[in-house]
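Dumped start_27.cif below, it's mmCIF, C-alpha atoms and all ligand atoms:
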```cif
data_entry
#
loop_
_atom_site.label_atom_id
_atom_site.label_comp_id
_atom_site.auth_asym_id
_atom_site.auth_seq_id
_atom_site.Cartn_x
_atom_site.Cartn_y
_atom_site.Cartn_z
CA MET A 1 -174.97 147.72 27.62
CA GLN A 2 -171.55 149.22 26.96
CA TYR A 3 -169.59 149.96 30.15
CA ASP A 4 -166.93 152.64 30.47
CA PHE A 5 -164.00 151.24 32.42
CA ASN A 6 -161.88 154.31 31.68
CA ARG A 7 -163.90 156.38 34.13
CA ILE A 8 -162.09 157.28 37.37
CA LEU A 9 -164.46 156.90 40.29
CA ASP A 10 -164.81 159.14 43.32
CA ARG A 11 -163.86 156.76 46.15
CA THR A 12 -164.03 159.31 48.96
CA ARG A 13 -167.63 158.50 49.94
CA GLU A 14 -166.94 154.84 50.67
CA ARG A 15 -165.24 153.16 53.55
CA SER A 16 -162.93 151.40 51.12
CA LYS A 17 -160.09 149.43 52.67
CA THR A 18 -158.05 149.93 49.51
CA TRP A 19 -158.82 153.63 49.13
CA ASP A 20 -158.48 154.40 52.82
CA PHE A 21 -157.93 158.14 52.81
CA ARG A 22 -157.08 158.07 56.51
CA THR A 23 -153.75 156.47 55.57
CA LEU A 24 -153.26 157.03 51.82
CA ARG A 25 -150.93 159.88 50.99
CA PRO A 26 -152.18 162.33 48.34
CA GLY A 27 -151.71 160.91 44.86
CA GLN A 28 -150.78 157.41 45.97
CA LEU A 29 -152.20 154.65 43.81
CA PRO A 30 -153.22 151.63 45.89
CA MET A 31 -152.29 148.73 43.62
CA ASN A 32 -152.17 146.49 46.67
CA GLY A 33 -155.91 145.81 47.07
CA ALA A 34 -157.21 142.73 45.25
CA GLU A 35 -160.16 144.42 43.65
CA THR A 36 -160.94 146.30 40.46
CA HIS A 37 -161.53 150.02 40.35
CA PHE A 38 -164.57 150.06 38.09
CA ALA A 39 -168.21 150.90 38.83
CA CYS A 40 -170.24 147.76 39.40
CA PRO A 41 -172.86 146.76 36.80
CA VAL A 42 -176.04 148.83 36.52
CA PRO A 43 -178.42 145.87 37.22
CA VAL A 44 -176.66 145.33 40.57
CA ARG A 45 -177.12 148.93 41.58
CA GLU A 46 -180.78 148.79 40.50
CA ALA A 47 -181.37 145.57 42.47
CA VAL A 48 -179.84 147.02 45.61
CA GLN A 49 -181.69 150.32 45.20
CA ALA A 50 -184.96 148.38 44.87
CA VAL A 51 -184.28 146.75 48.24
CA ALA A 52 -183.33 150.12 49.76
CA GLU A 53 -186.76 151.40 48.70
CA TRP A 54 -188.52 148.93 51.01
CA GLU A 55 -189.70 150.81 54.05
CA VAL A 56 -188.78 148.04 56.46
CA TYR A 57 -185.82 145.70 56.58
CA GLY A 58 -187.20 142.88 58.72
CA TYR A 59 -186.31 139.17 58.91
CA PRO A 60 -186.25 137.89 55.35
CA TYR A 61 -187.12 134.59 53.73
CA PHE A 62 -185.04 133.53 50.77
CA THR A 63 -186.01 131.75 47.61
CA GLU A 64 -184.36 129.32 45.25
CA ASP A 65 -183.35 132.27 43.08
CA PHE A 66 -180.00 132.38 44.89
CA SER A 67 -178.99 128.79 44.11
CA ASN A 68 -180.47 129.00 40.63
CA ALA A 69 -178.41 132.11 39.89
CA ALA A 70 -175.15 130.50 41.09
CA ALA A 71 -175.79 127.24 39.24
CA SER A 72 -176.79 129.00 36.04
CA TRP A 73 -173.61 131.07 36.15
CA MET A 74 -171.49 127.92 36.39
CA GLN A 75 -173.46 126.35 33.56
CA ARG A 76 -173.36 129.33 31.21
CA ARG A 77 -169.91 130.66 31.97
CA HIS A 78 -167.87 127.65 33.05
CA GLY A 79 -169.47 124.73 31.24
CA TRP A 80 -170.31 122.86 34.43
CA ASP A 81 -173.69 121.16 34.59
CA CYS A 82 -174.11 122.41 38.14
CA ASN A 83 -177.27 121.51 40.03
CA PRO A 84 -178.82 124.29 42.18
CA ARG A 85 -179.35 121.72 44.95
CA TRP A 86 -175.58 121.60 45.43
CA VAL A 87 -175.34 125.33 46.26
CA GLU A 88 -175.29 126.84 49.74
CA PHE A 89 -174.83 130.47 50.79
CA VAL A 90 -171.69 131.48 52.70
CA SER A 91 -170.52 134.96 53.59
CA GLY A 92 -167.28 134.85 51.59
CA ILE A 93 -164.77 132.54 49.96
CA VAL A 94 -162.63 131.93 53.03
CA PRO A 95 -165.60 131.11 55.32
CA GLY A 96 -166.74 128.61 52.67
CA ILE A 97 -163.31 126.98 52.60
CA ALA A 98 -163.20 126.96 56.41
CA PHE A 99 -166.51 125.06 56.66
CA ALA A 100 -165.17 122.46 54.22
CA VAL A 101 -161.90 122.15 56.17
CA GLN A 102 -163.84 121.69 59.42
CA ALA A 103 -166.08 119.08 57.81
CA VAL A 104 -163.30 116.76 56.62
CA SER A 105 -160.50 117.18 59.15
CA GLN A 106 -159.70 117.27 62.84
CA PRO A 107 -157.34 119.56 64.77
CA GLY A 108 -153.79 118.42 64.02
CA ASP A 109 -154.62 117.22 60.49
CA LYS A 110 -152.77 118.75 57.56
CA ILE A 111 -154.19 121.03 54.89
CA LEU A 112 -152.22 121.46 51.68
CA ILE A 113 -151.80 124.76 49.83
CA ASN A 114 -149.44 126.00 47.13
CA THR A 115 -146.98 128.80 47.73
CA PRO A 116 -146.90 131.66 47.08
CA ALA A 117 -150.38 131.79 48.64
CA TYR A 118 -153.19 134.17 49.45
CA ASP A 119 -152.35 134.60 53.13
CA PRO A 120 -155.87 134.21 54.63
CA PHE A 121 -155.66 130.52 53.61
CA ARG A 122 -152.81 130.21 56.12
CA SER A 123 -154.41 132.19 58.91
CA MET A 124 -157.71 130.31 58.51
CA VAL A 125 -156.03 126.89 58.58
CA GLU A 126 -153.97 127.81 61.63
CA ALA A 127 -156.90 129.42 63.46
CA ASN A 128 -158.74 126.12 62.99
CA ASP A 129 -155.81 124.31 64.66
CA ARG A 130 -154.95 122.44 61.46
CA VAL A 131 -151.37 122.18 60.21
CA LEU A 132 -150.27 123.75 56.95
CA THR A 133 -148.35 121.77 54.40
CA GLU A 134 -147.13 124.00 51.57
CA SER A 135 -146.06 122.85 48.12
CA PRO A 136 -144.11 125.56 46.28
CA LEU A 137 -145.07 126.37 42.72
CA VAL A 138 -142.22 126.47 40.23
CA ILE A 139 -141.95 129.90 38.65
CA GLY A 140 -140.33 129.22 35.27
CA GLU A 141 -139.43 131.31 32.22
CA ASP A 142 -142.51 130.07 30.40
CA GLY A 143 -145.07 129.74 33.14
CA VAL A 144 -145.94 128.59 36.62
CA PHE A 145 -146.00 124.86 37.34
CA PHE A 146 -146.74 122.39 40.09
CA ASP A 147 -143.85 120.41 41.50
CA TRP A 148 -145.58 117.04 41.08
CA GLU A 149 -143.06 115.08 43.09
CA ASP A 150 -143.48 117.42 46.03
CA MET A 151 -147.27 117.47 45.58
CA GLU A 152 -147.45 113.68 45.68
CA ARG A 153 -145.26 113.54 48.76
CA ARG A 154 -147.65 115.88 50.56
CA PHE A 155 -150.84 114.23 49.25
CA SER A 156 -149.53 110.85 50.39
CA ASP A 157 -149.06 111.96 54.00
CA PRO A 158 -151.92 110.22 55.85
CA LEU A 159 -152.48 113.39 57.88
CA THR A 160 -153.24 115.44 54.74
CA LYS A 161 -157.03 115.68 54.51
CA ALA A 162 -157.65 118.50 52.06
CA PHE A 163 -155.94 120.50 49.32
CA ILE A 164 -156.97 124.12 48.80
CA LEU A 165 -156.56 124.75 45.08
CA CYS A 166 -156.62 128.41 44.12
CA ASP A 167 -157.58 128.35 40.44
CA PRO A 168 -156.92 130.80 38.90
CA HIS A 169 -154.11 131.46 41.28
CA ASN A 170 -153.56 134.57 43.36
CA PRO A 171 -150.85 135.97 43.15
CA THR A 172 -149.34 134.41 39.99
CA GLY A 173 -152.40 134.42 37.70
CA LYS A 174 -151.87 130.77 36.78
CA ASN A 175 -154.97 129.11 35.28
CA CYS A 176 -154.77 125.32 35.58
CA THR A 177 -154.87 123.24 32.42
CA GLU A 178 -157.20 120.27 32.07
CA ALA A 179 -154.18 117.94 32.26
CA GLU A 180 -153.14 119.50 35.58
CA LEU A 181 -156.64 119.24 37.01
CA CYS A 182 -156.82 115.57 35.93
CA ARG A 183 -153.53 114.93 37.66
CA ILE A 184 -154.81 116.55 40.85
CA SER A 185 -157.94 114.39 40.59
CA ARG A 186 -155.78 111.24 40.32
CA LEU A 187 -153.76 112.27 43.39
CA SER A 188 -156.98 113.05 45.29
CA GLU A 189 -158.34 109.59 44.41
CA LYS A 190 -155.10 107.75 45.18
CA TYR A 191 -154.73 109.29 48.63
CA GLY A 192 -158.33 110.16 49.58
CA VAL A 193 -157.72 113.91 49.88
CA LEU A 194 -160.59 116.37 49.38
CA VAL A 195 -159.98 119.17 46.87
CA ILE A 196 -161.42 122.57 47.81
CA VAL A 197 -161.32 124.96 44.87
CA ASP A 198 -161.31 128.72 45.20
CA GLU A 199 -162.63 130.00 41.87
CA VAL A 200 -163.05 133.64 42.82
CA HIS A 201 -160.81 134.76 39.93
CA ALA A 202 -162.31 132.36 37.35
CA ASP A 203 -164.09 135.02 35.31
CA PHE A 204 -160.82 136.70 34.32
CA VAL A 205 -159.24 134.08 32.08
CA PHE A 206 -157.40 135.46 29.06
CA TYR A 207 -156.72 132.37 26.96
CA GLY A 208 -159.22 129.63 26.25
CA ARG A 209 -161.54 129.24 29.19
CA HIS A 210 -161.50 128.35 32.84
CA ILE A 211 -162.13 124.69 33.55
CA SER A 212 -164.02 124.01 36.74
CA TYR A 213 -162.23 121.22 38.58
CA PRO A 214 -165.33 119.04 39.23
CA THR A 215 -165.86 118.66 35.46
CA VAL A 216 -162.64 116.71 34.89
CA SER A 217 -163.73 113.34 36.34
CA ASP A 218 -166.45 111.60 38.32
CA TRP A 219 -164.05 111.37 41.23
CA ALA A 220 -163.35 115.10 41.10
CA ARG A 221 -167.07 115.93 41.07
CA ASN A 222 -167.80 113.69 44.05
CA ASN A 223 -164.79 114.67 46.10
CA SER A 224 -164.54 118.42 45.79
CA VAL A 225 -165.99 121.65 47.05
CA VAL A 226 -166.03 124.74 44.84
CA VAL A 227 -166.32 128.20 46.34
CA ILE A 228 -167.41 131.16 44.23
CA ASN A 229 -168.23 134.80 44.77
CA PRO A 230 -169.13 137.61 42.35
CA SER A 231 -167.06 139.93 44.59
CA LYS A 232 -164.09 140.31 42.22
CA THR A 233 -165.74 140.20 38.81
CA PHE A 234 -168.39 142.78 39.61
CA ASN A 235 -166.64 144.75 42.36
CA VAL A 236 -169.22 143.86 45.01
CA ALA A 237 -167.00 142.48 47.80
CA GLY A 238 -168.67 144.70 50.39
CA PHE A 239 -171.87 142.64 50.31
CA ARG A 240 -170.09 139.65 51.91
CA THR A 241 -171.68 136.96 49.79
CA GLY A 242 -170.41 133.68 48.41
CA ALA A 243 -171.52 130.16 47.62
CA VAL A 244 -170.14 126.71 48.32
CA ILE A 245 -171.00 124.11 45.71
CA VAL A 246 -170.85 120.50 46.89
CA PRO A 247 -172.12 117.82 44.50
CA ASN A 248 -171.58 114.96 46.98
CA GLU A 249 -174.68 114.71 49.16
CA GLU A 250 -172.97 113.22 52.19
CA LEU A 251 -170.19 115.79 52.15
CA ARG A 252 -172.75 118.55 51.67
CA ALA A 253 -174.57 117.38 54.79
CA TYR A 254 -171.33 117.52 56.80
CA ILE A 255 -170.57 121.02 55.55
CA ASN A 256 -174.12 122.20 56.22
CA LYS A 257 -173.80 120.90 59.76
CA LYS A 258 -170.68 123.05 60.27
CA ILE A 259 -172.53 126.06 58.84
CA LEU A 260 -175.45 125.36 61.16
CA ALA A 261 -173.15 124.92 64.15
CA VAL A 262 -172.34 128.63 64.07
CA LYS A 263 -175.67 129.66 62.52
CA GLY A 264 -173.42 130.78 59.68
CA ILE A 265 -176.06 131.62 57.08
CA SER A 266 -175.55 135.32 57.38
CA ARG A 267 -177.45 136.35 54.27
CA THR A 268 -178.49 139.93 53.93
CA ILE A 269 -181.32 141.20 51.76
CA THR A 270 -179.02 143.52 49.84
CA GLY A 271 -176.27 140.91 49.45
CA VAL A 272 -178.63 138.33 48.06
CA ALA A 273 -180.17 140.87 45.67
CA ALA A 274 -176.70 141.82 44.42
CA PHE A 275 -175.52 138.22 44.11
CA GLU A 276 -178.57 137.20 42.10
CA ALA A 277 -178.25 140.19 39.78
CA CYS A 278 -174.58 139.37 39.16
CA TYR A 279 -175.10 135.73 38.34
CA ASP A 280 -178.57 135.25 36.88
CA GLY A 281 -177.78 136.61 33.42
CA ARG A 282 -178.34 140.34 33.93
CA CYS A 283 -174.62 141.11 34.05
CA ASP A 284 -173.03 138.74 31.52
CA ASP A 285 -172.24 141.67 29.21
CA TYR A 286 -170.31 143.37 32.02
CA ALA A 287 -168.33 140.19 32.75
CA ASP A 288 -167.28 139.90 29.09
CA GLN A 289 -166.29 143.54 28.87
CA VAL A 290 -164.39 143.74 32.16
CA CYS A 291 -162.36 140.64 31.30
CA ALA A 292 -161.49 142.08 27.87
CA TYR A 293 -160.44 145.37 29.49
CA ILE A 294 -158.23 143.61 32.06
CA TYR A 295 -156.66 141.55 29.29
CA ASP A 296 -155.76 144.77 27.42
CA ASN A 297 -154.32 146.17 30.66
CA GLU A 298 -152.16 143.07 31.00
CA GLN A 299 -150.89 143.44 27.43
CA TYR A 300 -150.08 147.09 28.08
CA LEU A 301 -148.35 146.29 31.37
CA ALA A 302 -146.26 143.51 29.83
CA ALA A 303 -145.13 145.65 26.89
CA PHE A 304 -144.36 148.62 29.14
CA LEU A 305 -142.22 146.66 31.59
CA LYS A 306 -140.32 144.92 28.82
CA GLU A 307 -139.48 148.16 27.08
CA ARG A 308 -139.15 150.67 29.91
CA ILE A 309 -138.40 148.72 33.12
CA PRO A 310 -136.69 145.50 32.07
CA GLU A 311 -135.39 145.08 35.63
CA ILE A 312 -138.94 144.08 36.61
CA ARG A 313 -140.06 140.80 35.10
CA LEU A 314 -143.77 140.14 34.82
CA ILE A 315 -144.66 136.51 35.40
CA ARG A 316 -147.16 136.41 32.54
CA PRO A 317 -150.57 135.61 33.98
CA ASP A 318 -153.16 133.43 32.22
CA ALA A 319 -155.86 135.04 34.33
CA CYS A 320 -156.71 137.42 37.24
CA PHE A 321 -156.19 141.15 37.65
CA VAL A 322 -153.27 140.66 40.01
CA CYS A 323 -149.80 139.74 38.85
CA TRP A 324 -146.55 138.56 40.33
CA LEU A 325 -143.56 140.76 39.59
CA ASP A 326 -140.00 139.52 39.87
CA CYS A 327 -138.15 142.68 40.91
CA ARG A 328 -134.80 141.11 41.72
CA GLY A 329 -133.32 142.89 38.69
CA LEU A 330 -133.66 146.20 40.52
CA GLY A 331 -130.81 145.05 42.73
CA PHE A 332 -132.14 145.71 46.22
CA THR A 333 -130.66 143.50 48.90
CA GLU A 334 -133.52 143.94 51.36
CA GLN A 335 -137.25 143.52 50.75
CA SER A 336 -137.85 146.70 52.75
CA GLN A 337 -135.77 148.66 50.20
CA LEU A 338 -137.84 147.23 47.36
CA MET A 339 -141.07 148.20 49.12
CA GLU A 340 -139.70 151.71 49.69
CA PHE A 341 -138.91 151.97 45.99
CA PHE A 342 -142.58 151.40 45.13
CA THR A 343 -143.96 153.51 47.97
CA ASN A 344 -141.68 156.44 47.17
CA ALA A 345 -142.87 156.26 43.57
CA GLY A 346 -146.43 156.64 44.90
CA VAL A 347 -147.44 153.10 43.93
CA LEU A 348 -148.56 150.77 46.70
CA VAL A 349 -148.06 147.07 46.04
CA THR A 350 -148.05 143.99 48.27
CA SER A 351 -144.76 142.53 49.39
CA GLY A 352 -144.01 139.04 48.08
CA GLU A 353 -143.24 138.07 51.65
CA GLU A 354 -146.94 138.24 52.49
CA PHE A 355 -147.54 135.26 50.21
CA ASP A 356 -144.78 133.03 51.42
CA ARG A 357 -142.84 131.99 54.50
CA THR A 358 -139.97 130.15 52.86
CA GLY A 359 -138.15 133.05 51.22
CA MET A 360 -139.48 132.54 47.68
CA GLY A 361 -141.39 135.84 47.94
CA GLU A 362 -138.24 137.89 48.48
CA GLY A 363 -137.58 140.23 45.57
CA PHE A 364 -141.20 139.82 44.42
CA VAL A 365 -144.29 141.95 44.77
CA ARG A 366 -147.92 141.49 43.80
CA MET A 367 -149.51 144.27 41.81
CA ALA A 368 -153.24 144.64 41.10
CA TYR A 369 -153.86 146.17 37.67
CA GLY A 370 -157.65 146.32 37.40
CA PHE A 371 -157.50 150.09 37.05
CA PRO A 372 -158.75 152.57 34.45
CA ARG A 373 -156.01 152.62 31.81
CA SER A 374 -154.96 156.21 32.57
CA GLN A 375 -154.24 155.28 36.19
CA LEU A 376 -152.31 152.19 35.17
CA LYS A 377 -150.26 154.30 32.77
CA GLU A 378 -149.63 156.87 35.48
CA ALA A 379 -148.40 154.19 37.89
CA LEU A 380 -146.07 152.70 35.30
CA GLU A 381 -144.66 156.09 34.30
CA ARG A 382 -143.87 156.80 37.96
CA LEU A 383 -142.12 153.45 38.31
CA ALA A 384 -140.18 154.02 35.08
CA ALA A 385 -138.98 157.38 36.41
CA ALA A 386 -137.98 155.81 39.73
CA ALA A 387 -136.13 152.99 37.96
CA LYS A 388 -134.28 155.54 35.83
CA GLU A 389 -133.10 157.27 38.99
CA ILE A 390 -131.61 154.11 40.46
CA ARG A 391 -129.85 153.26 37.17
CA LYS A 392 -127.80 156.46 37.48
C1 LIG A 401 -157.73 133.90 46.01
C2 LIG A 401 -158.70 134.70 46.80
N1 LIG A 401 -159.65 134.07 47.50
C3 LIG A 401 -160.54 134.77 48.23
C4 LIG A 401 -160.51 136.14 48.29
C5 LIG A 401 -161.52 136.88 49.11
O1 LIG A 401 -162.79 136.49 48.72
P1 LIG A 401 -164.09 137.23 49.26
O2 LIG A 401 -164.40 138.32 48.31
O3 LIG A 401 -165.13 136.16 49.26
O4 LIG A 401 -163.77 137.72 50.62
C6 LIG A 401 -159.53 136.83 47.59
C7 LIG A 401 -159.43 138.29 47.70
O5 LIG A 401 -158.39 138.86 47.57
C8 LIG A 401 -158.63 136.09 46.80
O6 LIG A 401 -157.70 136.70 46.06
#
```
Could you take the file, read its structure, and then write that structure out as structure tokens?
Amino acid sequence: MQYDFNRILDRTRERSKTWDFRTLRPGQLPMNGAETHFACPVPVREAVQAVAEWEVYGYPYFTEDFSNAAASWMQRRHGWDCNPRWVEFVSGIVPGIAFAVQAVSQPGDKILINTPAYDPFRSMVEANDRVLTESPLVIGEDGVFFDWEDMERRFSDPLTKAFILCDPHNPTGKNCTEAELCRISRLSEKYGVLVIVDEVHADFVFYGRHISYPTVSDWARNNSVVVINPSKTFNVAGFRTGAVIVPNEELRAYINKKILAVKGISRTITGVAAFEACYDGRCDDYADQVCAYIYDNEQYLAAFLKERIPEIRLIRPDACFVCWLDCRGLGFTEQSQLMEFFTNAGVLVTSGEEFDRTGMGEGFVRMAYGFPRSQLKEALERLAAAAKEIRK
């Protein structure tokens, strides 16, 4: 099926956090929400409608279709020979990571992340009484890199029990290379640190393909947890689904115990129906097309900024539909002035400070660009006009 991603949707009927018309000013474009703005695939809507047709919504039983769908997606799309037995339902990426953190660490232990970081990693770690240890990524002219010396220092701390790897990375759009993943696997083995991989953005990779961390070595497979969710790719975040994939049987038992401890298997009949439709092969055409559309958006965005707003430097992403913009060239001395610049132009973005506590987010913003092209163009034209004003 051919999907039309140029279509602008009516968002007024939903209770969308991004399109919250209780707070959005008329005409504002919310490029701050980490979601796309496209209709979800037809098979998902059909699957959910079929459930809605049932006359009763009583206690459900679930089948192996859920795990089979998740495993088949990883096999077909990410070249990982994933076994359905390794898959367990969770109600979102962060809950899945939290169960893994609880399984391998105690209060007071350290959990490693990279900065800038998706902030719920921080709040979840802290709410679990674990201590954050943050290794800054190096934002270079030609890409985003790990600081290996700093990473090793943090891995080698005996209190560090787990590393949350966000791959592809929100907000920078970095997609790890095989060499990087191998190096992480060697560090994990040397210091006995579990690697928990958030692959929620893995279906939007522009160059080559995404490599699932567990495929890079036997150690990586046996000492990692991968968390996936069709929420981003298919715009179905509202169903609150997700899956943790844990090849190591012993570790899986620990994680399942944590899930059981809070009776955390909060599957819903509609969520499971949507998840299965996304991943079991019915929506592969959509995934190909949406990734190609986002890639074209990125090319458009990059060319536009270079030509029309050179004060804003796009950190070229390898993946994702969010990007990290270096806005220091606009010359604002305060982050609040930078945020006002965007808001006054009618374009809502997320402040770089929300991704970092060390100051490296100052002068940066994260922009989501998974919009119909006409809306992306409109946003960029507004920013170009605003930039022209401040050049005067
Ligand atoms: C890196 C990352 N992980 C997790 C999530 C949220 O995942 P979920 O849809 O499972 O709530 C987001 C959403 O912004 C994200 O960017």
Using all atoms listed in the file, tabulate the residues of chain A lying at most 6 Å from any atom of ligand LIG 401 (chain A), each with its closest atom pair and that distance in Å to one decimal, by chain and increasing residue number, as a tab-separated table.
```
residue	atom	partner	partner_atom	distance
A:Ala34	CA	A:LIG401	O5	4.7
A:Gly92	CA	A:LIG401	O3	3.4
A:Ile93	CA	A:LIG401	O3	3.7
A:Val94	CA	A:LIG401	C3	6.0
A:Tyr118	CA	A:LIG401	C1	5.7
A:Cys166	CA	A:LIG401	C1	5.9
A:Asn170	CA	A:LIG401	C1	5.0
A:Val200	CA	A:LIG401	N1	5.8
A:Asn229	CA	A:LIG401	O3	5.6
A:Ser231	CA	A:LIG401	O2	4.8
A:Ala237	CA	A:LIG401	O2	4.9
A:Gly242	CA	A:LIG401	O3	5.9
```
*asked:* Give me the residues near region 146-148 of chain A as number ranges by chain, where near means some atom within 8 Å (using all atoms listed in the file) and where sequence neighbours in that chain fewer than 5 positions away do not count.
replied: A: 135-138
*Can you tell me, as an MDAnalysis selection string, what residues are no more than 12 Å from region 281-287 of chain A when counting all atoms listed in the file, ignoring any on the same chain fewer than 5 positions away?*
chainID A and resid 1:5 38:47 65 68:77 201:205 230:235 273:276 292:294
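Distance check against Ala319 (chain A) using all atoms listed in the file: of A:Thr172, A:Asn222, A:Ser156, A:Ser67, the minimum falls on A:Thr172.
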_Under the rule that only C-alpha atoms are counted, which of A:Lys190, A:Lys392, A:Lys263, A:Arg328 is the nearest residue to Phe89 (chain A)?_
A:Lys263
Take region 363-379 of chain A, model N, CA, C and O atoms, and hand the result over as a PDB file, in the frame of the given file.
```
ATOM      1  N   GLY A 363    -137.894 139.671  46.893  1.00  0.00           N
ATOM      2  CA  GLY A 363    -137.580 140.230  45.570  1.00  0.00           C
ATOM      3  C   GLY A 363    -138.815 140.281  44.672  1.00  0.00           C
ATOM      4  O   GLY A 363    -138.736 140.747  43.544  1.00  0.00           O
ATOM      5  N   PHE A 364    -139.959 139.814  45.200  1.00  0.00           N
ATOM      6  CA  PHE A 364    -141.200 139.820  44.420  1.00  0.00           C
ATOM      7  C   PHE A 364    -142.228 140.744  45.063  1.00  0.00           C
ATOM      8  O   PHE A 364    -142.209 140.959  46.278  1.00  0.00           O
ATOM      9  N   VAL A 365    -143.121 141.243  44.251  1.00  0.00           N
ATOM     10  CA  VAL A 365    -144.290 141.950  44.770  1.00  0.00           C
ATOM     11  C   VAL A 365    -145.510 141.505  43.962  1.00  0.00           C
ATOM     12  O   VAL A 365    -145.382 141.007  42.847  1.00  0.00           O
ATOM     13  N   ARG A 366    -146.682 141.696  44.563  1.00  0.00           N
ATOM     14  CA  ARG A 366    -147.920 141.490  43.800  1.00  0.00           C
ATOM     15  C   ARG A 366    -148.537 142.839  43.481  1.00  0.00           C
ATOM     16  O   ARG A 366    -148.646 143.695  44.362  1.00  0.00           O
ATOM     17  N   MET A 367    -148.896 143.006  42.224  1.00  0.00           N
ATOM     18  CA  MET A 367    -149.510 144.270  41.810  1.00  0.00           C
ATOM     19  C   MET A 367    -150.900 143.984  41.230  1.00  0.00           C
ATOM     20  O   MET A 367    -151.057 143.092  40.397  1.00  0.00           O
ATOM     21  N   ALA A 368    -151.898 144.755  41.675  1.00  0.00           N
ATOM     22  CA  ALA A 368    -153.240 144.640  41.100  1.00  0.00           C
ATOM     23  C   ALA A 368    -153.341 145.668  39.968  1.00  0.00           C
ATOM     24  O   ALA A 368    -152.947 146.819  40.142  1.00  0.00           O
ATOM     25  N   TYR A 369    -153.843 145.239  38.815  1.00  0.00           N
ATOM     26  CA  TYR A 369    -153.860 146.170  37.670  1.00  0.00           C
ATOM     27  C   TYR A 369    -155.258 146.339  37.063  1.00  0.00           C
ATOM     28  O   TYR A 369    -155.383 146.732  35.895  1.00  0.00           O
ATOM     29  N   GLY A 370    -156.284 146.104  37.881  1.00  0.00           N
ATOM     30  CA  GLY A 370    -157.650 146.320  37.400  1.00  0.00           C
ATOM     31  C   GLY A 370    -158.077 147.762  37.531  1.00  0.00           C
ATOM     32  O   GLY A 370    -159.081 148.075  38.174  1.00  0.00           O
ATOM     33  N   PHE A 371    -157.276 148.645  36.944  1.00  0.00           N
ATOM     34  CA  PHE A 371    -157.500 150.090  37.050  1.00  0.00           C
ATOM     35  C   PHE A 371    -157.922 150.671  35.697  1.00  0.00           C
ATOM     36  O   PHE A 371    -157.587 150.103  34.646  1.00  0.00           O
ATOM     37  N   PRO A 372    -158.589 151.835  35.706  1.00  0.00           N
ATOM     38  CA  PRO A 372    -158.750 152.570  34.450  1.00  0.00           C
ATOM     39  C   PRO A 372    -157.368 152.760  33.814  1.00  0.00           C
ATOM     40  O   PRO A 372    -156.374 152.969  34.526  1.00  0.00           O
ATOM     41  N   ARG A 373    -157.314 152.642  32.498  1.00  0.00           N
ATOM     42  CA  ARG A 373    -156.010 152.620  31.810  1.00  0.00           C
ATOM     43  C   ARG A 373    -155.152 153.826  32.148  1.00  0.00           C
ATOM     44  O   ARG A 373    -153.938 153.711  32.301  1.00  0.00           O
ATOM     45  N   SER A 374    -155.772 155.010  32.310  1.00  0.00           N
ATOM     46  CA  SER A 374    -154.960 156.210  32.570  1.00  0.00           C
ATOM     47  C   SER A 374    -154.244 156.083  33.913  1.00  0.00           C
ATOM     48  O   SER A 374    -153.107 156.538  34.069  1.00  0.00           O
ATOM     49  N   GLN A 375    -154.896 155.448  34.887  1.00  0.00           N
ATOM     50  CA  GLN A 375    -154.240 155.280  36.190  1.00  0.00           C
ATOM     51  C   GLN A 375    -153.126 154.237  36.122  1.00  0.00           C
ATOM     52  O   GLN A 375    -152.070 154.393  36.737  1.00  0.00           O
ATOM     53  N   LEU A 376    -153.362 153.193  35.344  1.00  0.00           N
ATOM     54  CA  LEU A 376    -152.310 152.190  35.170  1.00  0.00           C
ATOM     55  C   LEU A 376    -151.088 152.820  34.500  1.00  0.00           C
ATOM     56  O   LEU A 376    -149.946 152.622  34.927  1.00  0.00           O
ATOM     57  N   LYS A 377    -151.372 153.627  33.472  1.00  0.00           N
ATOM     58  CA  LYS A 377    -150.260 154.300  32.770  1.00  0.00           C
ATOM     59  C   LYS A 377    -149.497 155.212  33.714  1.00  0.00           C
ATOM     60  O   LYS A 377    -148.268 155.241  33.713  1.00  0.00           O
ATOM     61  N   GLU A 378    -150.245 155.944  34.527  1.00  0.00           N
ATOM     62  CA  GLU A 378    -149.630 156.870  35.480  1.00  0.00           C
ATOM     63  C   GLU A 378    -148.702 156.107  36.448  1.00  0.00           C
ATOM     64  O   GLU A 378    -147.567 156.510  36.700  1.00  0.00           O
ATOM     65  N   ALA A 379    -149.197 154.986  36.957  1.00  0.00           N
ATOM     66  CA  ALA A 379    -148.400 154.190  37.890  1.00  0.00           C
ATOM     67  C   ALA A 379    -147.114 153.707  37.216  1.00  0.00           C
ATOM     68  O   ALA A 379    -146.016 153.791  37.797  1.00  0.00           O
TER      69      ALA A 379
END
```
